[in-house]
Each structure stands twice: as structure tokens, then as C-alpha cells.
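See below for run07.cif, which holds mmCIF, C-alpha atoms.
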data_run
#
loop_
_atom_site.label_atom_id
_atom_site.label_comp_id
_atom_site.auth_asym_id
_atom_site.auth_seq_id
_atom_site.Cartn_x
_atom_site.Cartn_y
_atom_site.Cartn_z
CA MET B 8 1.15 -28.66 -97.05
CA ASN B 9 -0.63 -29.59 -93.84
CA ASN B 10 -1.12 -27.30 -90.86
CA ARG B 11 2.03 -28.50 -89.04
CA LYS B 12 4.29 -27.77 -92.00
CA THR B 13 2.63 -24.40 -92.53
CA PHE B 14 3.24 -23.49 -88.88
CA SER B 15 6.92 -24.39 -89.24
CA LEU B 16 7.29 -22.08 -92.23
CA CYS B 17 5.33 -19.26 -90.57
CA TYR B 18 7.44 -19.44 -87.42
CA PHE B 19 10.64 -18.78 -89.35
CA LEU B 20 9.20 -16.23 -91.80
CA GLY B 21 7.94 -13.87 -89.11
CA ARG B 22 11.42 -13.58 -87.57
CA SER B 23 13.63 -13.33 -90.66
CA PHE B 24 14.03 -9.53 -90.76
CA PHE B 25 14.86 -9.19 -87.07
CA LEU B 26 18.49 -10.17 -87.39
CA GLY B 27 20.20 -6.86 -86.79
CA PHE B 28 18.04 -4.72 -89.04
CA GLY B 29 14.71 -4.96 -87.20
CA PHE B 30 15.88 -4.63 -83.60
CA SER B 31 18.58 -2.10 -84.45
CA LEU B 32 16.11 0.23 -86.18
CA LEU B 33 13.55 -0.03 -83.38
CA SER B 34 16.26 0.59 -80.78
CA LYS B 35 17.45 3.76 -82.49
CA LEU B 36 13.90 5.01 -83.01
CA LEU B 37 12.33 4.18 -79.63
CA ASN B 38 15.08 3.17 -77.23
CA LYS B 39 13.59 1.33 -74.21
CA ASP B 40 10.02 1.86 -75.50
CA ALA B 41 10.67 -0.50 -78.43
CA TRP B 42 8.58 -3.21 -76.75
CA ILE B 43 5.48 -1.00 -77.00
CA SER B 44 5.81 -0.80 -80.78
CA CYS B 45 6.39 -4.56 -80.89
CA ILE B 46 3.01 -5.17 -79.23
CA LEU B 47 1.16 -2.61 -81.36
CA GLY B 48 2.95 -3.83 -84.48
CA THR B 49 1.90 -7.41 -83.75
CA LEU B 50 -1.75 -6.38 -83.57
CA LEU B 51 -1.43 -4.36 -86.77
CA GLY B 52 0.38 -7.25 -88.45
CA GLY B 53 -2.49 -9.56 -87.49
CA ILE B 54 -4.90 -7.28 -89.35
CA ILE B 55 -2.63 -7.27 -92.42
CA LEU B 56 -2.48 -11.06 -92.44
CA LEU B 57 -6.26 -11.34 -92.03
CA LEU B 58 -6.59 -9.38 -95.27
CA PHE B 59 -3.89 -11.52 -96.85
CA GLN B 60 -5.73 -14.69 -95.83
CA LYS B 61 -8.89 -13.43 -97.47
CA GLY B 62 -7.05 -12.63 -100.68
CA LYS B 63 -5.10 -15.91 -100.83
CA GLU B 64 -8.29 -17.92 -100.49
CA LYS B 65 -9.18 -16.71 -103.98
CA ILE B 66 -5.72 -17.24 -105.51
CA ASN B 67 -4.13 -20.69 -105.39
CA SER B 68 -1.15 -19.72 -107.52
CA VAL B 69 0.18 -16.58 -109.16
CA LYS B 70 0.21 -18.26 -112.57
CA GLU B 71 -3.45 -19.29 -112.26
CA ILE B 72 -4.67 -15.69 -112.61
CA HIS B 73 -6.38 -15.65 -116.02
CA ASN B 74 -7.29 -12.02 -116.60
CA TRP B 75 -5.39 -8.98 -117.84
CA ILE B 76 -3.70 -8.37 -114.49
CA LYS B 77 -1.81 -11.70 -114.53
CA TYR B 78 1.45 -10.47 -116.07
CA PRO B 79 1.79 -7.19 -114.12
CA PHE B 80 1.03 -9.17 -110.95
CA LEU B 81 3.56 -11.84 -111.93
CA ILE B 82 6.25 -9.20 -112.50
CA LEU B 83 5.41 -7.60 -109.14
CA PHE B 84 5.68 -10.99 -107.42
CA ILE B 85 9.06 -11.73 -109.06
CA LEU B 86 10.44 -8.32 -108.05
CA PHE B 87 9.20 -8.87 -104.50
CA ASN B 88 10.92 -12.26 -104.23
CA ILE B 89 14.15 -10.86 -105.69
CA PHE B 90 14.05 -7.99 -103.20
CA ILE B 91 13.41 -10.27 -100.20
CA TYR B 92 16.09 -12.71 -101.34
CA SER B 93 18.72 -9.99 -101.89
CA GLN B 94 18.03 -8.28 -98.55
CA ILE B 95 18.16 -11.51 -96.55
CA VAL B 96 21.48 -12.40 -98.22
CA PHE B 97 22.79 -8.92 -97.38
CA ILE B 98 21.75 -9.32 -93.74
CA PHE B 99 23.24 -12.82 -93.56
CA GLN B 100 26.61 -11.97 -95.11
CA THR B 101 26.93 -8.80 -92.98
CA PHE B 102 26.21 -10.80 -89.84
CA ALA B 103 28.54 -13.67 -90.80
CA SER B 104 31.41 -11.35 -91.75
CA SER B 105 31.00 -9.38 -88.51
CA PHE B 106 31.06 -12.29 -86.03
CA PHE B 107 31.84 -15.67 -87.61
CA LEU B 108 34.06 -15.28 -90.68
CA ILE B 109 35.73 -11.96 -89.97
CA LYS B 110 38.72 -12.47 -92.27
CA SER B 111 36.86 -14.29 -95.05
CA PRO B 112 35.97 -12.40 -98.25
CA VAL B 113 32.28 -11.90 -98.96
CA PHE B 114 32.39 -13.83 -102.23
CA PHE B 115 33.42 -16.88 -100.18
CA ILE B 116 30.79 -16.33 -97.47
CA ALA B 117 27.94 -15.97 -99.97
CA LEU B 118 29.15 -18.71 -102.34
CA PRO B 119 27.31 -21.69 -100.72
CA ILE B 120 23.93 -19.90 -100.75
CA PRO B 121 22.98 -20.33 -104.45
CA PHE B 122 24.07 -24.00 -104.40
CA ILE B 123 22.01 -24.76 -101.27
CA ILE B 124 18.97 -22.88 -102.56
CA PHE B 125 19.15 -24.59 -105.95
CA ARG B 126 19.34 -28.01 -104.31
CA ILE B 127 16.50 -27.53 -101.84
CA CYS B 128 14.23 -25.96 -104.48
CA GLN B 129 14.46 -28.92 -106.81
CA ASN B 130 11.51 -30.62 -105.11
CA GLY B 131 9.57 -27.47 -104.31
CA PHE B 132 7.62 -26.53 -101.22
CA SER B 133 7.28 -30.10 -99.99
CA THR B 134 11.03 -30.36 -99.30
CA ILE B 135 11.27 -26.84 -97.87
CA SER B 136 8.39 -27.48 -95.47
CA LYS B 137 9.91 -30.78 -94.33
CA VAL B 138 13.24 -29.08 -93.63
CA ALA B 139 11.42 -26.34 -91.69
CA GLU B 140 9.59 -29.00 -89.70
CA VAL B 141 12.89 -30.59 -88.70
CA LEU B 142 14.55 -27.27 -87.82
CA LEU B 143 11.62 -25.96 -85.74
CA PRO B 144 12.21 -27.94 -82.50
CA ILE B 145 15.95 -27.19 -82.68
CA SER B 146 15.21 -23.48 -83.08
CA ILE B 147 12.74 -23.40 -80.18
CA PHE B 148 15.12 -25.32 -77.91
CA LEU B 149 18.04 -22.96 -78.64
CA PHE B 150 15.78 -19.94 -78.14
CA LEU B 151 14.59 -21.17 -74.73
CA PHE B 152 18.14 -22.15 -73.80
CA GLY B 153 19.33 -18.62 -74.51
CA ILE B 154 16.47 -16.97 -72.61
CA ILE B 155 17.01 -19.15 -69.54
CA GLY B 156 20.70 -18.28 -69.58
CA LEU B 157 19.90 -14.56 -69.62
CA VAL B 158 17.35 -14.42 -66.81
CA GLN B 159 19.87 -13.74 -64.05
CA ASN B 160 21.19 -10.66 -65.89
CA PHE B 161 17.77 -9.13 -66.54
CA LYS B 162 17.18 -5.69 -64.95
CA ILE B 163 13.65 -4.31 -64.75
CA ASP B 164 15.00 -0.84 -63.94
CA TYR B 165 16.00 -0.39 -67.58
CA PHE B 166 12.31 -0.14 -68.55
CA THR B 167 11.53 2.92 -66.42
CA PRO B 168 10.28 5.51 -67.00
CA VAL B 169 7.80 4.19 -69.56
CA PHE B 170 6.48 6.14 -72.57
CA THR B 171 9.41 8.47 -72.98
CA SER B 172 9.00 8.38 -76.78
CA ASN B 173 6.43 10.50 -78.57
CA ILE B 174 3.28 9.02 -80.10
CA THR B 175 4.50 9.57 -83.67
CA ASP B 176 7.66 7.50 -83.10
CA ILE B 177 5.71 4.75 -81.35
CA PHE B 178 3.24 4.56 -84.24
CA SER B 179 6.09 4.61 -86.79
CA GLY B 180 7.82 1.81 -84.88
CA ALA B 181 4.59 -0.21 -84.87
CA LEU B 182 4.28 0.18 -88.65
CA PHE B 183 7.91 -0.81 -89.15
CA PHE B 184 7.46 -3.86 -86.94
CA ALA B 185 4.29 -4.87 -88.78
CA PHE B 186 5.94 -4.58 -92.20
CA TYR B 187 9.12 -6.37 -91.09
CA SER B 188 7.20 -9.26 -89.55
CA THR B 189 4.43 -9.73 -92.14
CA ALA B 190 6.15 -9.07 -95.47
CA PRO B 191 7.84 -12.53 -95.65
CA TYR B 192 4.40 -14.16 -95.31
CA PHE B 193 3.49 -12.80 -98.74
CA LEU B 194 6.08 -15.23 -100.12
CA LEU B 195 3.48 -17.93 -99.35
CA LEU B 196 1.13 -16.51 -101.97
CA ASN B 197 2.33 -19.24 -104.32
CA ALA B 198 2.44 -22.01 -101.71
CA PRO B 199 0.02 -24.98 -101.84
CA ILE B 200 -1.40 -24.58 -98.34
CA GLN B 201 -4.45 -26.57 -97.23
CA LYS B 202 -5.85 -23.86 -94.95
CA ASN B 203 -4.78 -20.24 -95.21
CA LYS B 204 -4.74 -19.58 -91.46
CA PHE B 205 -1.73 -17.42 -90.72
CA VAL B 206 -2.71 -15.12 -87.86
CA ILE B 207 -2.31 -17.47 -84.87
CA LYS B 208 0.96 -18.78 -86.30
CA TYR B 209 2.10 -15.20 -86.79
CA PHE B 210 1.28 -14.29 -83.19
CA ILE B 211 3.34 -17.22 -81.90
CA SER B 212 6.31 -16.14 -84.02
CA CYS B 213 5.91 -12.54 -82.78
CA ILE B 214 5.85 -13.68 -79.15
CA THR B 215 9.43 -14.92 -79.55
CA ILE B 216 10.40 -11.56 -81.10
CA LEU B 217 8.74 -9.67 -78.24
CA ILE B 218 10.45 -11.82 -75.60
CA LEU B 219 13.82 -11.20 -77.23
CA CYS B 220 13.05 -7.48 -77.39
CA PHE B 221 12.35 -7.46 -73.63
CA PHE B 222 15.66 -9.20 -72.96
CA ILE B 223 17.62 -6.85 -75.24
CA ILE B 224 16.30 -3.90 -73.24
CA GLY B 225 16.62 -5.66 -69.88
CA ILE B 226 20.19 -6.85 -70.50
CA LEU B 227 21.85 -4.09 -72.53
CA GLY B 228 19.91 -1.12 -71.22
CA PRO B 229 18.78 2.00 -73.12
CA ASN B 230 22.30 3.19 -73.97
CA LEU B 231 24.10 0.09 -75.23
CA MET B 232 21.13 -1.20 -77.24
CA GLN B 233 21.36 1.86 -79.50
CA ILE B 234 25.06 1.39 -80.23
CA TYR B 235 25.11 -2.15 -81.61
CA ARG B 236 24.10 -3.10 -85.15
CA TYR B 237 23.20 -6.59 -83.86
CA PRO B 238 21.88 -5.98 -80.32
CA GLU B 239 20.38 -9.47 -80.10
CA TYR B 240 23.79 -11.09 -80.65
CA MET B 241 25.45 -8.82 -78.10
CA THR B 242 22.68 -9.73 -75.66
CA MET B 243 23.36 -13.43 -76.13
CA LYS B 244 27.02 -12.86 -75.18
CA LYS B 245 25.76 -12.33 -71.63
CA ILE B 246 24.46 -15.89 -71.32
CA ARG B 247 25.66 -17.66 -68.18
CA ILE B 248 24.37 -21.06 -67.07
CA PHE B 249 25.50 -22.57 -63.75
CA ASN B 250 28.18 -19.85 -63.73
CA PHE B 251 30.49 -21.86 -65.96
CA ILE B 252 28.69 -22.42 -69.28
CA GLU B 253 29.45 -19.36 -71.40
CA LYS B 254 30.55 -18.28 -74.88
CA VAL B 255 27.52 -20.03 -76.37
CA GLU B 256 26.19 -17.07 -78.39
CA ASN B 257 27.45 -18.56 -81.65
CA ILE B 258 25.46 -21.73 -81.03
CA VAL B 259 22.28 -19.89 -80.04
CA SER B 260 22.53 -17.55 -83.02
CA ILE B 261 22.10 -20.54 -85.34
CA THR B 262 18.35 -20.01 -84.82
CA TRP B 263 18.56 -16.71 -86.75
CA LEU B 264 20.38 -18.45 -89.59
CA PHE B 265 17.48 -20.93 -89.75
CA ASP B 266 15.11 -17.97 -90.20
CA SER B 267 17.20 -16.61 -93.06
CA PHE B 268 17.66 -20.01 -94.69
CA ILE B 269 13.94 -20.86 -94.81
CA THR B 270 13.04 -17.42 -96.13
CA LEU B 271 15.69 -17.66 -98.86
CA ALA B 272 14.47 -21.13 -99.81
CA ILE B 273 10.85 -19.99 -100.22
CA ALA B 274 11.84 -16.89 -102.19
CA GLY B 275 14.12 -18.98 -104.40
CA ASN B 276 11.41 -21.56 -105.03
CA ASN B 277 8.94 -18.82 -105.98
CA LEU B 278 11.41 -17.45 -108.50
CA LYS B 279 11.84 -20.90 -109.98
CA GLU B 280 8.08 -21.48 -110.22
CA CYS B 281 7.56 -18.11 -111.92
CA MET B 282 9.96 -19.01 -114.72
CA PRO B 283 8.69 -20.52 -118.01
CA LYS B 284 8.42 -24.31 -117.83
CA LYS B 285 10.62 -24.68 -120.87
CA GLY B 286 14.17 -24.09 -119.71
CA GLN B 287 13.04 -23.39 -116.14
CA LYS B 288 16.17 -24.95 -114.66
CA TYR B 289 18.51 -22.71 -116.68
CA PHE B 290 16.49 -19.56 -116.01
CA PHE B 291 16.63 -20.34 -112.30
CA ILE B 292 20.41 -20.92 -112.38
CA GLY B 293 20.82 -17.62 -114.21
CA ILE B 294 18.81 -15.73 -111.56
CA LEU B 295 20.83 -17.32 -108.74
CA ILE B 296 24.08 -16.30 -110.45
CA LEU B 297 22.83 -12.73 -110.88
CA LEU B 298 21.75 -12.59 -107.22
CA TYR B 299 25.12 -13.94 -106.15
CA SER B 300 26.81 -11.22 -108.21
CA TRP B 301 24.60 -8.65 -106.52
CA SER B 302 25.68 -9.93 -103.10
CA ILE B 303 29.31 -9.24 -104.03
CA LEU B 304 28.49 -5.76 -105.34
CA SER B 305 26.49 -4.96 -102.21
CA ASN B 306 29.64 -5.51 -100.18
CA ILE B 307 31.77 -3.35 -102.49
CA TYR B 308 29.18 -0.56 -102.23
CA TYR B 309 28.40 -1.29 -98.60
CA GLN B 310 27.58 2.30 -97.59
CA GLU B 311 25.14 2.65 -100.47
CA GLY B 312 23.58 -0.66 -99.46
CA LEU B 313 22.98 0.69 -95.98
CA THR B 314 20.69 3.37 -97.40
CA LEU B 315 18.07 0.63 -97.52
CA TYR B 316 18.49 0.29 -93.76
CA HIS B 317 15.91 3.02 -93.13
CA LEU B 318 13.97 2.50 -96.37
CA LEU B 319 13.53 -1.28 -96.01
CA PRO B 320 10.29 -1.29 -93.94
CA ILE B 321 8.79 1.39 -96.22
CA ILE B 322 9.57 -0.61 -99.36
CA LEU B 323 8.19 -3.77 -97.76
CA GLY B 324 5.04 -1.86 -96.81
CA ILE B 325 4.55 -0.63 -100.39
CA PHE B 326 4.85 -4.19 -101.70
CA GLU B 327 2.32 -5.40 -99.12
CA ILE B 328 -0.22 -2.72 -100.00
CA LEU B 329 0.09 -3.54 -103.71
CA PHE B 330 -0.33 -7.25 -103.05
CA LEU B 331 -3.36 -6.71 -100.83
CA LEU B 332 -5.00 -4.51 -103.46
CA CYS B 333 -4.32 -7.08 -106.16
CA THR B 334 -5.41 -10.16 -104.21
CA LEU B 335 -8.60 -8.51 -102.97
CA LEU B 336 -9.53 -6.87 -106.27
CA ILE B 337 -8.61 -9.63 -108.76
CA PRO B 338 -11.53 -11.95 -107.80
CA LYS B 339 -13.98 -9.03 -108.03
CA LEU B 340 -12.64 -7.96 -111.43
CA LYS B 341 -12.81 -11.53 -112.68
CA LYS B 342 -16.40 -11.95 -111.44
CA LYS B 343 -17.44 -8.63 -112.99
CA ARG B 344 -15.86 -9.58 -116.30
CA ASN B 345 -17.64 -12.95 -116.37
CA THR B 346 -20.99 -11.28 -115.82
#

Could the structure of this file be written out as C-alpha cells, please?
Amino acid sequence: MNNRKTFSLCYFLGRSFFLGFGFSLLSKLLNKDAWISCILGTLLGGIILLLFQKGKEKINSVKEIHNWIKYPFLILFILFNIFIYSQIVFIFQTFASSFFLIKSPVFFIALPIPFIIFRICQNGFSTISKVAEVLLPISIFLFLFGIIGLVQNFKIDYFTPVFTSNITDIFSGALFFAFYSTAPYFLLLNAPIQKNKFVIKYFISCITILILCFFIIGILGPNLMQIYRYPEYMTMKKIRIFNFIEKVENIVSITWLFDSFITLAIAGNNLKECMPKKGQKYFFIGILILLYSWSILSNIYYQEGLTLYHLLPIILGIFEILFLLCTLLIPKLKKKRNT
């Protein structure tokens, strides 16, 4: 994949966990100081991706690791992709059932996902990157459209006084932001990328998250932003253009569905590529059916599923640390063994 296609994927990946879960957690933890953790988390995330870049330069594909660590690393990578896939589906179906398809059963809402993912993954990363390239200008246009429509409702008074949260919460929020925003990039460990330059692309994606965070605070204020599970959607309900264009939040929110769709496609393709070549198609179909069944169970046991709400960034952080250790140590172990 060339640099333009890589940028398209990176733009969507960095934003995928900020539909409800990311902003809602930061709002409850930091209130109107959430933007501070967004900035600090972006800087911390840049450091994480610098280490990831260094590790990926030595590993072109998970299956190309030829030493004793290959199979444990492969299992870790499969579990990571399953976890990302299942959580994005949970976020998507919760969002869709809350605002779009209120009376529709979850099994119906989640039903198209495995079919779409199976179809787009048939031709691998090349098709996924082309789709991302097409969706990128649409996503940026809708994002700018929404921001312009919110400007007249923005109140700077909601940001004062500054630094009302303690240092521990700010640092925790920065870690959560960094893990939320960087974890999906580790899905690209198996991607055939020409140049592993993620940091600048990551910063651009985070700028859109930071801008939206400012508008959530400036529109909803410190009280309302803590109440809503999806504060970004409730913010978009305030859009007014020329005082007569309104009720466009459903159109603007399509951008967040793009984020989820691209992330699911990459995770699904990784799962397919990790399967044995013989019978790969049937293994992949079986995994998609199991993940679809999990999506139904997650709705039945919805309260239990919400326990991951606070644990999600911690689990993502553990996966990232393990991947960084593996990608940075594998080349050294291989070189030592050869000598």
C-alpha cells in the first residue's frame, strides 16, 4: 500500500474507539479538563507509535516470524484482533440500537456485519485501503460540516476554571486516550505497507478527536457531557446552519460508522490471513459466525458487557505492551540465535 492509502487507513483507525466509549469515559473522569488529557495522550501515543514503527520495520508479516516465538505471537495477534473486532461490534450495535434502529432486535442490526466483512476481505488489504481512500474525503467533509454548524453554539465559559482535576486523573486520562487511539494501529502489523510512518498520520487523526472534544465541552458544558453515553452525538444535535438546516446529526454521524467499518475490515482480514491456507475460507466463515453469536450474547448480557467499559483501555494497553516487547525483542533474539 502506498502512502496515500496508508494515511486513509490511519485516519479511521485512530478514531474508532471514540464513538461513545472514549469521550464518555474521559468526560466522567475529567469533566471539562478532558481536552488536557487529549493533548497529553496524543503526545504519549506518538511515542508508542514510534516504538511500533521501529518494531514493524523488522516484521513484514506475523507468519514470517521463524523462531520459537512465532506461534505464541500468532495466538496473541489472533486474540487481539478478535478482541478489537468484538468491541467495535459492541460499540456499533449499541449506538445503532440507541439512535437509529431503536425497535430493531440486535440480531438484525448485527446481521449484515459478517457478510460485509467477508466480502471486503476476499481481496485483502488492497480492497480495504481503496475503500478507505474513497471514504476519507466524505468523512472529512461531514466532519467539517458538523463543526461549522456548531460554531455559533460554542461557549468558551464552559472551559473555566482550568485544571480543576487532579494530576493523577489527568495522567490516567492521557494514558486512556493514548491506548484508545493507538491500539487499532497495531492491526496494521500484518499490513503490506511501503513505509511504516504512522506518527504524522496519527497526529492528524488525533487533531479531529481533539477538535470534537473541544466542541463537546463548549456545546454541552461540564454537566451535560457527563450524563450522555454518546456525548458526541448529542453535541451534533445542536447543529444549525443558516438557522433552518437542522436534524442533520444522523448524516454527520456516518463518519463514525466509517471509522468502525474500516477497523472491522482490517481486523477481519487479519483473522483470515492468520488461518491455515488449506480451508482458510471455511475457518474464516466459522470465526465470523462465532463473532456474530458473541454480538447477540453481548446484548443479552448487556450489563456484564459494560464491565469492559472501564477495563477496555487497560486491556488495550496490556496488548500494546506485549506487542511492543515482542516486535522489539524478536529481531534481537533471531540475530542472537543466528550468531

Closest atom pairs, residues of region 236-297 of chain B within 8 Å of region 128-140 of chain B, only C-alpha atoms, as CSV:
residue,atom,partner,partner_atom,distance
B:Ile269,CA,B:Ala139,CA,6.8
B:Ala272,CA,B:Cys128,CA,6.7
B:Ile273,CA,B:Ile135,CA,7.3
B:Gly275,CA,B:Cys128,CA,7.0
B:Asn276,CA,B:Cys128,CA,5.3
B:Lys279,CA,B:Cys128,CA,7.8

Applying 12 Å and all atoms listed in the file, which residues near Ala198 (chain B) remain after dropping the ones on its own chain fewer than 2 positions away? List them as a PyMOL selection string. chain B and resi 8-9+12-13+16-17+63-64+66-70+131-133+135-136+192-196+200-203+273-274+276-277+280

Residues in the PyMOL selection byres ((chain B and resi 31) around 9), expressed as a PyMOL selection string: chain B and resi 25-30+32-36+232-239

Run the PyMOL selection byres ((chain B and resi 44) around 7) on the file and write out the hits as a VMD selection string. chain B and resid 41 to 43 45 to 48 177 to 178 180 to 181

Write the residues of the selection above to a file with C-alpha atoms, as a PDB file, keeping the file's coordinate frame.
ATOM      1  CA  ALA B  41      10.670  -0.500 -78.430  1.00  0.00           C
ATOM      2  CA  TRP B  42       8.580  -3.210 -76.750  1.00  0.00           C
ATOM      3  CA  ILE B  43       5.480  -1.000 -77.000  1.00  0.00           C
ATOM      4  CA  CYS B  45       6.390  -4.560 -80.890  1.00  0.00           C
ATOM      5  CA  ILE B  46       3.010  -5.170 -79.230  1.00  0.00           C
ATOM      6  CA  LEU B  47       1.160  -2.610 -81.360  1.00  0.00           C
ATOM      7  CA  GLY B  48       2.950  -3.830 -84.480  1.00  0.00           C
ATOM      8  CA  ILE B 177       5.710   4.750 -81.350  1.00  0.00           C
ATOM      9  CA  PHE B 178       3.240   4.560 -84.240  1.00  0.00           C
ATOM     10  CA  GLY B 180       7.820   1.810 -84.880  1.00  0.00           C
ATOM     11  CA  ALA B 181       4.590  -0.210 -84.870  1.00  0.00           C
TER      12      ALA B 181
END

Which one of B:Ile54, B:Leu86, B:Ile292, B:Ile120 sits closest to Ser267 (chain B) if you count all atoms listed in the file? B:Ile120
